[in-house]
2 protein chains.
Amino acid sequence: MSERKLILVCNDDGITAPGIRALVAVAKEFGDVVVVAPDKPQSAMGHAITINATIRVNPVKVDGVIEYACSGTPVDCVKLAVNKILHRKPDLLVSGINHGSNASINVIYSGTMSAAMEGAMEQIPSIGFSLLDHSIDADFSAAQDVARILIAQALENEMPDRICLNVNIPNVSKELIKGIKVCRQAIANWEEEFEERKDPSGKPYFWLTGIFKNYDSGTDTDIWALENNYVSVVPCQFDITAHTTLNHFKSWEQHV
Amino acid sequence: MSERKLILVCNDDGITAPGIRALVAVAKEFGDVVVVAPDKPQSAMGHAITINATIRVNPVKVDGVIEYACSGTPVDCVKLAVNKILHRKPDLLVSGINHGSNASINVIYSGTMSAAMEGAMEQIPSIGFSLLDHSIDADFSAAQDVARILIAQALENEMPDRICLNVNIPNVSKELIKGIKVCRQAIANWEEEFEERKDPSGKPYFWLTGIFKNYDSGTDTDIWALENNYVSVVPCQFDITAHTTLNHFKSWEQHV
């Protein structure tokens with residue numbers, strides 16, 4: 001008896017976003033799908049969790065199937081799914097398809113990728129997908145083809161322990177995509193420019209805006225891949241120790 | 001003319017927390033201090049930023065000096081401080097002193113450390129400090145001694161580019177602290193247990209709780225250091241590429 005695979009789907013754009021529908025459709029080709037996703041947009045939530053407030057989980061029916069809308073962050077969704085809804089680790093966690101890039105430094109801010117990172121922490125094979133198109137009418141068909149290929153790989157092959165994948169898909173038609181490329185995260189940054197406005201009573205408030213700056217000229221980075229019409233795949237880990245600098249700091253050791 | 005150093009102080013427990021007062025007192029020994037911190041507790045916010053809402057910054061007077069209470073996350077505070085308040089990069093960013101551990105996997109969830117990470121991204125020498133004591137009456141004096149030593153080191157010596165330090169101080173009296181130890185992040189995890197309760201109308205809601213599980217038997221980790229009464233110092237980076245697995249995934253490259 002071949003056992004059906006159990007696939008958990010999450011995102012950060014919220015349970016009603018077109019991107020998660022596109023991912024659910026592909027995931028269903030591979031097994032039983034359970035959706036646990038935020039009940040509202042949770043973009044740029046990083047690895048936030050809800051510790052000082054309560055969390056609600058509301059079952060909602062989508063296309064005749066029960067899904068779970070969670071009041072918490074993407075990471076809350078993963079924790080709740082494993083602990084309270086599935087009562088076991090799924091065979092695979094997929095997050096997305098995000099509306100917009102999570103390449104390079106965006107991975108640190110991304111709620112989509114924080115869900116995948118949480119999966120990796122819990123030793124669940126996990127992949128986050130993002131399409132470089134913020135539009136509500138974005139065409140997810142190429143991204144779906146990519147998801148189909150990588151979900152098959154992840155279910156058929158062993159994923160290294162405690163690693164997840166950050167997959168970004170360029171915003172071009174499928175014919176122009178040159179292939180899937182394994183990359184490292186480009187060294188880049190956001191240069192902030194806060195836009196200051198006045199409220200009706202004259203008090204200032206701010207909107208965060210910024211310009212993406214790539215400082216990395218490498219041709220092995222995710223940014224290079226995307227600029228050259230490749231799908232970028234970056235394996236990610238949650239050990240953020242800067243191992244190569246441990247020796248540098250040894251001389252700082254002393255008595256207090 | 002010797003130029004005075006400019007030190008930015010942030011945290012995630014909020015501008016009124018005792019821990020930030022303890023850190024401000026030490027920072028003032030080294031130069032001009034500007035405090036930009038959340039106007040309410042922002043623990044466990046990870047690297048969240050505010051992109052779908054406005055941000056307020058309110059000047060507040062503390063001990064006769066203007067500080068800035070920000071409605072956003074710790075990362076928002078750093079971005080706003082550099083862009084709108086200081087109008088230049090400070091010579092040092094210190095975050096904390098956090099009430100509770102940010103060792104091991106906690107670094108990923110920590111707002112204190114996300115502020116330090118944001119500093120590293122902006123190429124500001126940055127250190128996050130945490131004391132392993134959640135109590136409102138926590139004694140920060142040993143932590144202050146540690147901060148004094150490490151702030152001096154960071155101002156006198158070069159920090160490697162795009163690296164910040166995650167410093168955790170054990171909750172023991174100063175005489176028992178054996179020294180400062182440079183470590184790697186222990187491989188550990190939180191095993192969640194959501195506590196389910198019913199609201200007055202009978203509907204369920206959840207509180208996130210959990211048990212910290214250390215899977216790492218190494219004696220070079222932050223958890224080992226803290227359990228053996230050392231101060232742990234982990235250099236952290238924001239490149240989360242799992243470089244050692246890039247080869248493993250090369251065989252996944254293909255046409256779409």
# chains A, B, ... in the order shown; residues from 1 in each chain; ligands from 1
>>> closest_atom_pairs(of="chain A", to="chain B", cutoff="7 Å", atoms="only C-alpha atoms", output="JSON lines")
{"residue": "A:Ala44", "atom": "CA", "partner": "B:Ala48", "partner_atom": "CA", "distance": 5.5}
{"residue": "A:Met45", "atom": "CA", "partner": "B:Ala48", "partner_atom": "CA", "distance": 4.0}
{"residue": "A:Gly46", "atom": "CA", "partner": "B:His47", "partner_atom": "CA", "distance": 4.3}
{"residue": "A:His47", "atom": "CA", "partner": "B:Gly46", "partner_atom": "CA", "distance": 4.3}
{"residue": "A:Ala48", "atom": "CA", "partner": "B:Met45", "partner_atom": "CA", "distance": 4.0}
{"residue": "A:Ile49", "atom": "CA", "partner": "B:Ala44", "partner_atom": "CA", "distance": 5.7}
{"residue": "A:Ile51", "atom": "CA", "partner": "B:Leu208", "partner_atom": "CA", "distance": 6.1}
{"residue": "A:Thr54", "atom": "CA", "partner": "B:Trp207", "partner_atom": "CA", "distance": 5.3}
{"residue": "A:Ile55", "atom": "CA", "partner": "B:Phe206", "partner_atom": "CA", "distance": 5.0}
{"residue": "A:Arg56", "atom": "CA", "partner": "B:Tyr205", "partner_atom": "CA", "distance": 5.0}
{"residue": "A:Lys79", "atom": "CA", "partner": "B:Glu192", "partner_atom": "CA", "distance": 6.8}
{"residue": "A:Asn83", "atom": "CA", "partner": "B:Glu193", "partner_atom": "CA", "distance": 6.8}
{"residue": "A:Ile108", "atom": "CA", "partner": "B:His47", "partner_atom": "CA", "distance": 6.5}
{"residue": "A:Tyr109", "atom": "CA", "partner": "B:His47", "partner_atom": "CA", "distance": 5.5}
{"residue": "A:Met121", "atom": "CA", "partner": "B:Asn189", "partner_atom": "CA", "distance": 6.6}
{"residue": "A:Asp145", "atom": "CA", "partner": "B:Val256", "partner_atom": "CA", "distance": 6.8}
{"residue": "A:Val146", "atom": "CA", "partner": "B:Val256", "partner_atom": "CA", "distance": 6.3}
{"residue": "A:Lys178", "atom": "CA", "partner": "B:His255", "partner_atom": "CA", "distance": 6.5}
{"residue": "A:Gly179", "atom": "CA", "partner": "B:His255", "partner_atom": "CA", "distance": 4.1}
{"residue": "A:Ile180", "atom": "CA", "partner": "B:Glu253", "partner_atom": "CA", "distance": 5.0}
{"residue": "A:Lys181", "atom": "CA", "partner": "B:Glu253", "partner_atom": "CA", "distance": 5.5}
{"residue": "A:Val182", "atom": "CA", "partner": "B:Lys250", "partner_atom": "CA", "distance": 6.1}
{"residue": "A:Arg184", "atom": "CA", "partner": "B:Thr241", "partner_atom": "CA", "distance": 5.6}
{"residue": "A:Gln185", "atom": "CA", "partner": "B:Thr241", "partner_atom": "CA", "distance": 5.8}
{"residue": "A:Asn189", "atom": "CA", "partner": "B:Met121", "partner_atom": "CA", "distance": 6.6}
{"residue": "A:Glu192", "atom": "CA", "partner": "B:Lys79", "partner_atom": "CA", "distance": 6.8}
{"residue": "A:Glu193", "atom": "CA", "partner": "B:Asn83", "partner_atom": "CA", "distance": 6.8}
{"residue": "A:Tyr205", "atom": "CA", "partner": "B:Arg56", "partner_atom": "CA", "distance": 5.0}
{"residue": "A:Phe206", "atom": "CA", "partner": "B:Ile55", "partner_atom": "CA", "distance": 5.0}
{"residue": "A:Trp207", "atom": "CA", "partner": "B:Thr54", "partner_atom": "CA", "distance": 5.3}
{"residue": "A:Leu208", "atom": "CA", "partner": "B:Ile51", "partner_atom": "CA", "distance": 6.1}
{"residue": "A:Val234", "atom": "CA", "partner": "B:Thr241", "partner_atom": "CA", "distance": 6.4}
{"residue": "A:Pro235", "atom": "CA", "partner": "B:Ala242", "partner_atom": "CA", "distance": 5.4}
{"residue": "A:Cys236", "atom": "CA", "partner": "B:Thr241", "partner_atom": "CA", "distance": 4.6}
{"residue": "A:Gln237", "atom": "CA", "partner": "B:Ala242", "partner_atom": "CA", "distance": 5.3}
{"residue": "A:Phe238", "atom": "CA", "partner": "B:Ile240", "partner_atom": "CA", "distance": 6.7}
{"residue": "A:Asp239", "atom": "CA", "partner": "B:Gln185", "partner_atom": "CA", "distance": 6.4}
{"residue": "A:Ile240", "atom": "CA", "partner": "B:Cys236", "partner_atom": "CA", "distance": 5.3}
{"residue": "A:Thr241", "atom": "CA", "partner": "B:Cys236", "partner_atom": "CA", "distance": 4.6}
{"residue": "A:Ala242", "atom": "CA", "partner": "B:Cys236", "partner_atom": "CA", "distance": 4.9}
{"residue": "A:Thr245", "atom": "CA", "partner": "B:Pro235", "partner_atom": "CA", "distance": 7.0}
{"residue": "A:Leu246", "atom": "CA", "partner": "B:Val182", "partner_atom": "CA", "distance": 6.8}
{"residue": "A:Phe249", "atom": "CA", "partner": "B:Val182", "partner_atom": "CA", "distance": 6.7}
{"residue": "A:Lys250", "atom": "CA", "partner": "B:Val182", "partner_atom": "CA", "distance": 6.1}
{"residue": "A:Glu253", "atom": "CA", "partner": "B:Ile180", "partner_atom": "CA", "distance": 5.0}
{"residue": "A:Gln254", "atom": "CA", "partner": "B:Ile180", "partner_atom": "CA", "distance": 5.4}
{"residue": "A:His255", "atom": "CA", "partner": "B:Gly179", "partner_atom": "CA", "distance": 4.1}
{"residue": "A:Val256", "atom": "CA", "partner": "B:Gly179", "partner_atom": "CA", "distance": 5.3}
>>> select_by_dssp(residues="segment 40-226 of chain B", states="strand (DSSP E or B)", output="PDB file with C-alpha atoms, in the first residue's frame")
ATOM      1  CA  ILE B  55       4.956  54.750  11.424  1.00  0.00           C
ATOM      2  CA  VAL B  57       7.958  58.705  16.005  1.00  0.00           C
ATOM      3  CA  ASN B  58       7.288  60.595  19.220  1.00  0.00           C
ATOM      4  CA  PRO B  59      10.026  62.483  21.055  1.00  0.00           C
ATOM      5  CA  VAL B  60       9.928  61.727  24.778  1.00  0.00           C
ATOM      6  CA  LYS B  61      12.046  63.335  27.487  1.00  0.00           C
ATOM      7  CA  VAL B  62      13.929  60.882  29.732  1.00  0.00           C
ATOM      8  CA  VAL B  65      17.226  64.155  27.279  1.00  0.00           C
ATOM      9  CA  ILE B  66      15.119  63.649  24.144  1.00  0.00           C
ATOM     10  CA  GLU B  67      14.590  60.040  23.120  1.00  0.00           C
ATOM     11  CA  TYR B  68      12.437  58.685  20.300  1.00  0.00           C
ATOM     12  CA  ALA B  69       9.526  56.292  20.847  1.00  0.00           C
ATOM     13  CA  CYS B  70       8.613  54.611  17.569  1.00  0.00           C
ATOM     14  CA  LEU B  92      27.975  51.811  16.962  1.00  0.00           C
ATOM     15  CA  LEU B  93      24.530  50.303  17.419  1.00  0.00           C
ATOM     16  CA  VAL B  94      23.692  48.490  20.653  1.00  0.00           C
ATOM     17  CA  SER B  95      20.402  46.706  21.224  1.00  0.00           C
ATOM     18  CA  GLY B  96      18.967  45.521  24.518  1.00  0.00           C
ATOM     19  CA  ILE B  97      19.633  44.686  27.229  1.00  0.00           C
ATOM     20  CA  ASN B  98      16.963  42.129  26.432  1.00  0.00           C
ATOM     21  CA  HIS B  99      14.976  40.555  29.234  1.00  0.00           C
ATOM     22  CA  SER B 126      26.250  46.293  16.026  1.00  0.00           C
ATOM     23  CA  ILE B 127      25.835  44.285  19.217  1.00  0.00           C
ATOM     24  CA  GLY B 128      22.719  42.808  20.806  1.00  0.00           C
ATOM     25  CA  PHE B 129      22.787  42.118  24.556  1.00  0.00           C
ATOM     26  CA  SER B 130      20.472  39.766  26.454  1.00  0.00           C
ATOM     27  CA  LEU B 131      20.322  38.772  30.106  1.00  0.00           C
ATOM     28  CA  CYS B 164      26.946  41.699  14.358  1.00  0.00           C
ATOM     29  CA  LEU B 165      27.360  40.106  17.765  1.00  0.00           C
ATOM     30  CA  ASN B 166      24.765  38.176  19.743  1.00  0.00           C
ATOM     31  CA  VAL B 167      25.784  38.486  23.400  1.00  0.00           C
ATOM     32  CA  ASN B 168      23.988  36.555  26.124  1.00  0.00           C
ATOM     33  CA  ILE B 169      24.740  36.897  29.824  1.00  0.00           C
ATOM     34  CA  GLY B 179      34.464  35.073  31.351  1.00  0.00           C
ATOM     35  CA  ILE B 180      33.475  35.973  27.808  1.00  0.00           C
ATOM     36  CA  LYS B 181      33.460  33.116  25.310  1.00  0.00           C
ATOM     37  CA  VAL B 182      33.190  33.325  21.510  1.00  0.00           C
ATOM     38  CA  ARG B 184      28.731  29.215  17.550  1.00  0.00           C
ATOM     39  CA  ALA B 188      18.214  23.720  19.060  1.00  0.00           C
ATOM     40  CA  ASN B 189      14.492  24.143  18.637  1.00  0.00           C
ATOM     41  CA  TRP B 190      11.269  24.967  20.433  1.00  0.00           C
ATOM     42  CA  GLU B 191       8.786  22.147  20.809  1.00  0.00           C
ATOM     43  CA  GLU B 192       5.479  23.925  20.698  1.00  0.00           C
ATOM     44  CA  GLU B 193       2.526  23.146  22.824  1.00  0.00           C
ATOM     45  CA  PHE B 194      -0.429  25.376  22.053  1.00  0.00           C
ATOM     46  CA  GLU B 195      -2.702  25.815  25.001  1.00  0.00           C
ATOM     47  CA  GLU B 196      -6.311  25.817  23.839  1.00  0.00           C
ATOM     48  CA  ARG B 197      -8.884  27.844  25.773  1.00  0.00           C
ATOM     49  CA  LYS B 198     -12.490  28.857  25.177  1.00  0.00           C
ATOM     50  CA  PRO B 204     -11.507  28.310  20.924  1.00  0.00           C
ATOM     51  CA  TYR B 205      -8.361  30.405  20.989  1.00  0.00           C
ATOM     52  CA  PHE B 206      -4.736  29.523  21.503  1.00  0.00           C
ATOM     53  CA  TRP B 207      -1.717  30.587  23.519  1.00  0.00           C
ATOM     54  CA  LEU B 208       1.691  29.654  22.149  1.00  0.00           C
ATOM     55  CA  THR B 209       3.873  27.878  24.705  1.00  0.00           C
ATOM     56  CA  GLY B 210       6.837  25.608  24.214  1.00  0.00           C
ATOM     57  CA  ILE B 211       9.832  23.768  25.570  1.00  0.00           C
ATOM     58  CA  PHE B 212      13.372  24.589  24.467  1.00  0.00           C
ATOM     59  CA  LYS B 213      15.191  21.519  23.130  1.00  0.00           C
ATOM     60  CA  ASN B 214      18.952  21.557  22.649  1.00  0.00           C
ATOM     61  CA  THR B 221      28.104  26.513  21.476  1.00  0.00           C
TER      62      THR B 221
END
>>> atom_distance(atom1="atom CA of Ile20 of chain B", atom2="atom CA of Glu3 of chain B")
24.9 Å
>>> residues_around(residues="Pro18 of chain A", least_positions_apart="4", cutoff="9 Å", atoms="only C-alpha atoms", output="PyMOL selection string")
chain A and resi 13+22-23+97+99+136-138+140
>>> closest_residue(among="B:Leu155, B:Val78, B:Val26, B:Ala37", to="Gly14 of chain B", atoms="only C-alpha atoms")
B:Ala37
>>> closest_residue(among="B:Lys5, B:Pro200, B:Pro90, B:Val35", to="Glu156 of chain B", atoms="only C-alpha atoms")
B:Lys5
>>> select_by_dssp(residues="segment 36-249 of chain A", states="helix (DSSP H, G or I)", output="number ranges by chain")
A: 74-86, 106-109, 111-121, 141-156, 174-176, 222-227, 243-249
>>> closest_residue(among="A:Ile7, A:Pro74, A:Asn102, A:Asp91", to="Leu226 of chain A", atoms="only C-alpha atoms")
A:Asn102
>>> residues_around(residues="Arg4 of chain B", least_positions_apart="5", cutoff="9 Å", atoms="only C-alpha atoms", output="list in words")
Phe30, Gly31 and Asp32 of chain B
